[in-house]
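Dumped structure06.csv below, it's CSV, C-alpha atoms:
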```csv
chain,number,residue,atom,x,y,z
A,82,MET,CA,-2.6,-34.0,-7.3
A,83,GLU,CA,-3.3,-30.5,-8.6
A,84,LEU,CA,-0.3,-28.2,-8.0
A,85,PRO,CA,-0.8,-24.6,-6.8
A,86,VAL,CA,-0.7,-21.9,-9.5
A,87,PRO,CA,2.4,-19.7,-9.0
A,88,PHE,CA,1.8,-16.0,-8.9
A,89,THR,CA,4.6,-13.4,-9.4
A,90,ALA,CA,3.6,-9.9,-8.4
A,91,GLY,CA,6.1,-7.1,-8.9
A,92,ILE,CA,6.8,-4.4,-6.3
A,93,LEU,CA,8.2,-1.0,-7.2
A,94,TYR,CA,9.5,0.4,-3.9
A,95,PRO,CA,11.0,3.8,-3.3
A,96,GLY,CA,14.4,3.9,-1.4
A,97,TYR,CA,15.0,1.8,1.7
A,98,SER,CA,13.0,1.7,4.9
A,99,ALA,CA,10.5,-1.2,5.2
A,100,GLU,CA,11.1,-3.1,2.0
A,101,ASP,CA,11.8,-6.2,4.1
A,102,ASP,CA,8.0,-6.4,4.7
A,103,TYR,CA,7.7,-7.9,1.2
A,104,PRO,CA,9.9,-11.0,1.8
A,105,ALA,CA,8.1,-11.4,5.1
A,106,LEU,CA,4.7,-11.3,3.3
A,107,GLU,CA,6.0,-13.7,0.6
A,108,GLY,CA,6.9,-16.1,3.4
A,109,LEU,CA,3.5,-15.8,5.0
A,110,LEU,CA,1.7,-16.1,1.6
A,111,GLY,CA,3.3,-19.5,0.9
A,112,GLY,CA,5.3,-21.2,-1.8
A,113,ASP,CA,3.0,-20.3,-4.7
A,114,VAL,CA,3.7,-16.6,-4.4
A,115,ARG,CA,6.7,-14.5,-5.4
A,116,LEU,CA,7.0,-10.8,-4.7
A,117,PRO,CA,10.2,-9.6,-6.5
A,118,LEU,CA,11.1,-6.0,-5.6
A,119,VAL,CA,13.0,-3.3,-7.3
A,120,HIS,CA,14.1,-0.1,-5.5
A,121,THR,CA,13.2,3.1,-7.3
A,122,LEU,CA,15.3,6.2,-7.1
A,123,MET,CA,14.7,8.5,-4.2
A,124,ARG,CA,16.7,11.7,-4.7
A,125,GLU,CA,15.4,13.1,-1.3
A,126,ASP,CA,13.9,11.2,1.5
A,127,ALA,CA,11.2,13.6,2.7
A,128,HIS,CA,7.4,13.5,3.2
A,129,ARG,CA,7.2,16.8,1.6
A,130,VAL,CA,5.0,17.5,-1.5
A,131,ASP,CA,7.8,18.6,-3.9
A,132,ALA,CA,10.0,15.6,-2.9
A,133,LEU,CA,7.1,13.2,-3.3
A,134,LEU,CA,6.2,14.5,-6.7
A,135,ASP,CA,9.8,13.7,-7.8
A,136,ILE,CA,9.7,10.2,-6.1
A,137,GLY,CA,6.6,9.4,-8.2
A,138,SER,CA,7.7,11.0,-11.4
A,139,ASP,CA,7.3,9.2,-14.8
A,140,ASP,CA,11.0,8.7,-15.5
A,141,VAL,CA,11.8,7.3,-12.1
A,142,LEU,CA,8.9,4.8,-12.3
A,143,ALA,CA,9.6,3.8,-15.9
A,144,GLU,CA,13.2,2.9,-15.1
A,145,GLY,CA,12.2,0.8,-12.1
A,146,ALA,CA,9.5,-0.9,-14.2
A,147,ARG,CA,11.9,-1.9,-16.9
A,148,GLN,CA,14.1,-3.6,-14.3
A,149,LEU,CA,11.1,-5.3,-12.7
A,150,LEU,CA,10.0,-6.9,-16.0
A,151,GLU,CA,13.3,-8.9,-16.0
A,152,HIS,CA,11.8,-10.9,-13.1
A,153,GLY,CA,8.9,-12.3,-15.2
A,154,VAL,CA,6.2,-10.6,-13.2
A,155,GLN,CA,2.5,-10.9,-13.9
A,156,SER,CA,1.5,-7.5,-12.4
A,157,VAL,CA,3.1,-4.4,-11.0
A,158,ILE,CA,2.3,-2.2,-8.0
A,159,TRP,CA,3.9,1.2,-7.3
A,160,ALA,CA,4.3,0.6,-3.6
A,161,CYS,CA,4.3,4.2,-2.4
A,162,THR,CA,1.1,5.7,-1.0
A,163,SER,CA,2.3,9.3,-0.7
A,164,GLY,CA,4.1,9.1,-4.0
A,165,SER,CA,0.8,8.4,-5.7
A,166,PHE,CA,-2.0,10.3,-3.8
A,167,VAL,CA,0.1,13.5,-3.8
A,168,PHE,CA,-0.7,13.8,-7.5
A,169,GLY,CA,-4.5,13.9,-6.7
A,170,PRO,CA,-7.0,11.3,-8.0
A,171,GLN,CA,-6.7,12.2,-11.7
A,172,GLY,CA,-2.9,12.6,-11.5
A,173,ALA,CA,-2.6,9.2,-9.7
A,174,ARG,CA,-4.7,7.6,-12.3
A,175,GLU,CA,-2.5,9.0,-15.1
A,176,GLN,CA,0.5,7.9,-13.2
A,177,VAL,CA,-0.7,4.3,-13.2
A,178,GLU,CA,-1.7,4.5,-16.9
A,179,LYS,CA,1.7,5.7,-17.9
A,180,LEU,CA,3.4,3.0,-15.8
A,181,GLN,CA,1.1,0.4,-17.3
A,182,ALA,CA,2.1,1.6,-20.8
A,183,VAL,CA,5.7,0.7,-19.9
A,184,THR,CA,4.9,-2.6,-18.3
A,185,GLY,CA,2.1,-3.9,-20.6
A,186,LEU,CA,0.8,-5.6,-17.4
A,187,PRO,CA,-2.0,-5.0,-14.9
A,188,THR,CA,-0.6,-2.1,-12.9
A,189,SER,CA,-1.8,-0.1,-9.8
A,190,SER,CA,-0.5,1.9,-6.9
A,191,THR,CA,-0.8,1.7,-3.1
A,192,SER,CA,-3.3,4.6,-3.0
A,193,PHE,CA,-5.7,2.8,-5.3
A,194,ALA,CA,-5.0,-0.5,-3.4
A,195,PHE,CA,-6.5,1.2,-0.3
A,196,VAL,CA,-9.6,2.2,-2.2
A,197,HIS,CA,-10.0,-1.3,-3.8
A,198,ALA,CA,-9.4,-3.0,-0.4
A,199,ALA,CA,-12.0,-0.9,1.3
A,200,ALA,CA,-14.5,-1.7,-1.5
A,201,ALA,CA,-13.7,-5.5,-1.2
A,202,LEU,CA,-14.5,-5.4,2.5
A,203,GLY,CA,-17.5,-3.2,2.1
A,204,LEU,CA,-16.1,-0.3,4.2
A,205,ARG,CA,-17.8,3.1,4.3
A,206,ARG,CA,-16.3,5.0,7.2
A,207,VAL,CA,-12.6,4.8,8.1
A,208,ALA,CA,-10.1,6.4,10.5
A,209,VAL,CA,-6.5,7.2,9.2
A,210,ALA,CA,-3.4,6.9,11.3
A,211,ALA,CA,-0.7,8.4,9.2
A,212,THR,CA,3.0,8.8,10.0
A,213,TYR,CA,3.2,11.8,7.6
A,214,PRO,CA,3.2,15.5,8.4
A,215,ASP,CA,-0.4,16.8,8.5
A,216,ASP,CA,-0.3,18.6,5.1
A,217,VAL,CA,0.6,15.3,3.4
A,218,ALA,CA,-1.8,13.2,5.4
A,219,THR,CA,-4.6,15.6,4.5
A,220,ARG,CA,-4.0,14.8,0.8
A,221,PHE,CA,-4.6,11.1,1.5
A,222,VAL,CA,-7.9,12.0,3.2
A,223,GLU,CA,-8.9,14.0,0.1
A,224,PHE,CA,-8.0,11.1,-2.1
A,225,LEU,CA,-10.1,8.7,0.0
A,226,GLN,CA,-13.0,11.1,0.0
A,227,ALA,CA,-12.9,11.5,-3.8
A,228,ALA,CA,-13.3,7.7,-3.9
A,229,GLY,CA,-16.5,7.9,-1.7
A,230,LEU,CA,-15.0,6.9,1.6
A,231,GLU,CA,-15.9,8.9,4.7
A,232,VAL,CA,-12.9,9.7,6.9
A,233,VAL,CA,-14.1,10.1,10.5
A,234,ARG,CA,-10.7,10.8,12.0
A,235,LEU,CA,-7.3,11.7,10.8
A,236,SER,CA,-4.2,11.5,13.0
A,237,SER,CA,-0.7,12.4,11.7
A,238,ARG,CA,2.5,11.6,13.5
A,239,GLY,CA,4.5,14.3,11.7
A,240,ILE,CA,7.6,12.2,10.6
A,241,ILE,CA,9.5,13.7,7.8
A,242,THR,CA,11.6,10.8,6.5
A,243,ALA,CA,10.8,7.3,5.4
A,244,ALA,CA,14.0,6.1,7.1
A,245,GLU,CA,12.7,7.3,10.5
A,246,VAL,CA,9.3,5.7,9.9
A,247,GLY,CA,11.1,2.4,9.2
A,248,THR,CA,12.6,2.3,12.7
A,249,LEU,CA,9.2,2.1,14.4
A,250,GLY,CA,8.9,-1.3,16.1
A,251,ARG,CA,6.0,-3.6,17.0
A,252,ASP,CA,5.0,-1.9,20.3
A,253,GLU,CA,5.1,1.6,18.7
A,254,VAL,CA,3.0,0.5,15.7
A,255,LEU,CA,0.4,-1.3,17.8
A,256,GLU,CA,0.1,1.7,20.2
A,257,PHE,CA,-0.1,4.2,17.3
A,258,ALA,CA,-2.9,2.2,15.8
A,259,ALA,CA,-4.9,1.8,19.0
A,260,ALA,CA,-4.5,5.4,20.0
A,261,ASN,CA,-5.9,6.7,16.8
A,262,ASP,CA,-8.8,4.4,16.1
A,263,ASP,CA,-12.4,5.8,16.2
A,264,ASP,CA,-15.5,3.9,17.3
A,265,ARG,CA,-17.4,5.3,14.2
A,266,ALA,CA,-14.9,3.8,11.8
A,267,ASP,CA,-15.4,0.4,10.1
A,268,ALA,CA,-11.6,0.1,9.8
A,269,LEU,CA,-8.3,1.9,10.4
A,270,LEU,CA,-6.0,2.7,7.6
A,271,MET,CA,-2.2,3.1,8.0
A,272,PRO,CA,-1.0,4.5,4.7
A,273,ASP,CA,2.9,4.6,4.7
A,274,THR,CA,4.8,1.8,3.0
A,275,ALA,CA,7.8,2.9,5.0
A,276,LEU,CA,6.0,1.5,8.1
A,277,HIS,CA,6.8,-2.1,9.1
A,278,THR,CA,3.5,-4.0,9.7
A,279,ALA,CA,3.7,-7.4,7.9
A,280,ALA,CA,4.6,-9.4,11.0
A,281,TRP,CA,1.8,-7.8,13.1
A,282,LEU,CA,-1.2,-7.8,10.8
A,283,GLY,CA,-3.2,-10.3,12.9
A,284,GLU,CA,-2.3,-8.5,16.1
A,285,LEU,CA,-3.4,-5.1,14.7
A,286,ASP,CA,-6.8,-6.5,13.8
A,287,ASP,CA,-7.1,-8.2,17.1
A,288,ARG,CA,-6.0,-5.2,19.1
A,289,LEU,CA,-8.6,-2.9,17.5
A,290,GLY,CA,-11.4,-5.5,16.9
A,291,LYS,CA,-11.8,-4.4,13.3
A,292,PRO,CA,-9.8,-4.5,10.0
A,293,VAL,CA,-6.6,-2.6,10.0
A,294,LEU,CA,-5.4,-1.9,6.4
A,295,THR,CA,-1.7,-1.2,6.1
A,296,ALA,CA,0.2,0.1,3.1
A,297,ASN,CA,2.5,-2.9,2.4
A,298,GLN,CA,-0.4,-5.3,3.1
A,299,VAL,CA,-2.8,-3.7,0.6
A,300,SER,CA,0.0,-3.3,-1.9
A,301,ALA,CA,0.8,-7.0,-1.9
A,302,TRP,CA,-3.0,-7.8,-2.0
A,303,GLU,CA,-3.6,-5.6,-5.0
A,304,ALA,CA,-0.6,-6.9,-6.9
A,305,LEU,CA,-1.7,-10.5,-6.3
A,306,ARG,CA,-5.3,-9.8,-7.2
A,307,LEU,CA,-4.1,-8.2,-10.5
A,308,ALA,CA,-1.9,-11.2,-11.1
A,309,GLY,CA,-5.0,-13.4,-10.8
A,310,ASP,CA,-4.7,-14.8,-7.2
A,311,ARG,CA,-8.2,-15.2,-5.7
A,312,ALA,CA,-7.2,-17.4,-2.7
A,313,ALA,CA,-8.3,-16.6,0.8
A,314,ARG,CA,-5.2,-16.7,3.1
A,315,ASP,CA,-4.9,-16.7,6.9
A,316,GLY,CA,-2.3,-14.9,8.9
A,317,LEU,CA,-2.3,-11.6,7.0
A,318,GLY,CA,-5.3,-9.9,8.5
A,319,THR,CA,-9.0,-9.6,7.6
A,320,LEU,CA,-8.2,-8.3,4.0
A,321,PHE,CA,-6.5,-11.5,2.9
A,322,ARG,CA,-9.0,-13.7,4.7
A,323,GLU,CA,-12.2,-11.9,3.5
A,324,GLY,CA,-11.4,-9.5,0.7
A,325,THR,CA,-11.0,-12.1,-2.0
A,326,GLY,CA,-13.0,-13.4,-5.0
A,327,GLY,CA,-14.4,-11.6,-8.0
A,328,GLU,CA,-12.6,-10.0,-10.9
A,329,ARG,CA,-10.8,-6.7,-10.6
A,330,ASP,CA,-10.0,-4.5,-13.6
A,331,ALA,CA,-6.4,-3.7,-14.2
A,332,SER,CA,-7.0,0.0,-14.4
A,333,PRO,CA,-7.7,2.1,-11.3
A,334,GLU,CA,-11.2,3.5,-10.8
```
Could you spell out this file's structure in structure tokens?
Amino acid sequence: MELPVPFTAGILYPGYSAEDDYPALEGLLGGDVRLPLVHTLMREDAHRVDALLDIGSDDVLAEGARQLLEHGVQSVIWACTSGSFVFGPQGAREQVEKLQAVTGLPTSSTSFAFVHAAAALGLRRVAVAATYPDDVATRFVEFLQAAGLEVVRLSSRGIITAAEVGTLGRDEVLEFAAANDDDRADALLMPDTALHTAAWLGELDDRLGKPVLTANQVSAWEALRLAGDRAARDGLGTLFREGTGGERDASPE
């Protein structure tokens, strides 16, 4: 009998808020997948541009990456949406390139994971339900637009800290998604890795009747794709069921 190929996809995660989504995702993905996680330094927990630029700085990510390499990972994802898109498209690309120079492995970030996931599902128009303050959420919209996506609606919840976002439970997450969908959108995007969603991915899709892409979901998907996993998997939303197959370059586009 042919044994499943093991995949080990490394997660760089800032601070502490919804990092337990990754063991939950690992459990849902099955025994052939490992998602080792290293916490990167967060000097200030704030969805504020200056703090986010520090969270995603080269020295912080390089230190985390060196620790992650000790786990024998096959790919690396910087699992922080705001700590990548806040640099702008070119800056986020350079961020990944510098991180990849440290890891020597296929490397990406959550911001690019959203773009790649949208492409894999053939999405053109999206709505965004962001937990961030409006000025930060607007930068995510600009990042998506630069990648060719049309954002038909932006909603921002205005939460300053990742710690507070991490306290939102199932009912609040489902209601936040449903209240901020748009009939014109092919999918809803929820961009904060501080937001718990792993346990409710199927419910989110069912509630809206369309794909809901969440930050921790797309981060795990991107990391596994870069590690070479092409398997369709149930129980993790439309993305893992339908957004599979084909080769994906290690560098962001």
Please return, as number ranges by chain, all polymer residues that have at least one atom within 12 Å of the point (13.6, -6.3, -16.1); use all atoms listed in the file and the file's own coordinate frame.
A: 91, 93, 117-119, 143-154, 157, 183-184
Select, from A:Pro170, A:Pro95, A:Gly283, A:Gly309, the residue with the minimum atom-to-atom distance to Thr121 in chain A, counting all atoms listed in the file.
A:Pro95
Can you write out as a tab-separated table which residues of range 284-327 of chain A fall within 8 Å of range 109-116 of chain A, alongside each residue's closest atom pair and its distance in Å to one decimal, counting all atoms listed in the file and ordering rows by chain and ascending residue number?
```
residue	atom	partner	partner_atom	distance
A:Ala301	CA	A:Leu116	CA	7.8
A:Arg314	CA	A:Leu110	CA	7.1
A:Gly316	CA	A:Leu109	CA	7.0
A:Leu317	CA	A:Leu109	CA	7.4
```
Give the answer as one residue: which of A:Leu106, A:Glu231, A:Asn261, A:Val209 has the shortest atom-to-atom distance to Gly318 in chain A, using all atoms listed in the file?
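Answer, going by the shortest atom-to-atom distance: A:Leu106.
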Coordinates-based distance that separates CA of Asp252 in chain A from CA of Leu294 in chain A (Å, one decimal)
17.4 Å
For Asp215 in chain A, the closest of A:Thr248, A:Ser236, A:Thr319, A:Gln298 counting only C-alpha atoms is A:Ser236
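Comparing A:Ala127, A:Gly250, A:Glu303, A:Phe224 by their smallest distance to Arg174 in chain A, the closest is A:Phe224 (using all atoms listed in the file).
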Just the residues within 12 Å of Tyr94 in chain A, please, counting all atoms listed in the file, with nothing from its chain fewer than 4 positions along; format it as a PyMOL selection string.
chain A and resi 98-103+116-123+136-137+141-142+145-146+149+157-165+190-191+243+273-275+296-297+300-301
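You will find CA of Phe221 in chain A at 12.6 Å from CA of Ala194 in chain A.
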Distance CA of Asp286 in chain A-CA of Ala313 in chain A, one decimal place?
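These two atoms are separated by 16.5 Å.
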Can you work out which one of A:Asp139, A:Asp263, A:Glu107, A:Glu253 has the shortest atom-to-atom distance to Val293 in chain A, counting only C-alpha atoms?
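Among A:Asp139, A:Asp263, A:Glu107, A:Glu253, it is A:Asp263 that comes nearest to Val293 in chain A.
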With distances taken over only C-alpha atoms, which residue among A:Asp216, A:Glu223, A:Asp140, A:Glu284 lies nearest Glu256 in chain A?
A:Glu284
For Leu269 in chain A, list every protein, DNA or RNA residue within 10 Å, evaluated using all atoms listed in the file, and leave out those in the same chain fewer than 4 positions away; present the list as number ranges by chain.
A: 206-210, 232, 234-235, 258-259, 261-263, 285-286, 289, 291-295
Quick one: axis-aligned box around all listed atoms of range 158-161 of chain A, 4 Å on every side, centre and edge lengths in Å to one decimal, written as lines of an AutoDock Vina configuration file.
```
center_x = 3.3
center_y = 1.0
center_z = -5.2
size_x = 10.0
size_y = 14.4
size_z = 13.6
```
Need the shell around Leu186 in chain A: protein/DNA/RNA residues with any atom at most 7 Å away, counting only C-alpha atoms. Skip same-chain ones fewer than 3 positions apart. Format as a VMD selection string?
chain A and resid 155 to 157 181
Val167 in chain A surroundings by only C-alpha atoms, 7 Å radius, close-in-sequence under 4 positions cut, as a ChimeraX atom specification
/A:130,134,163,220
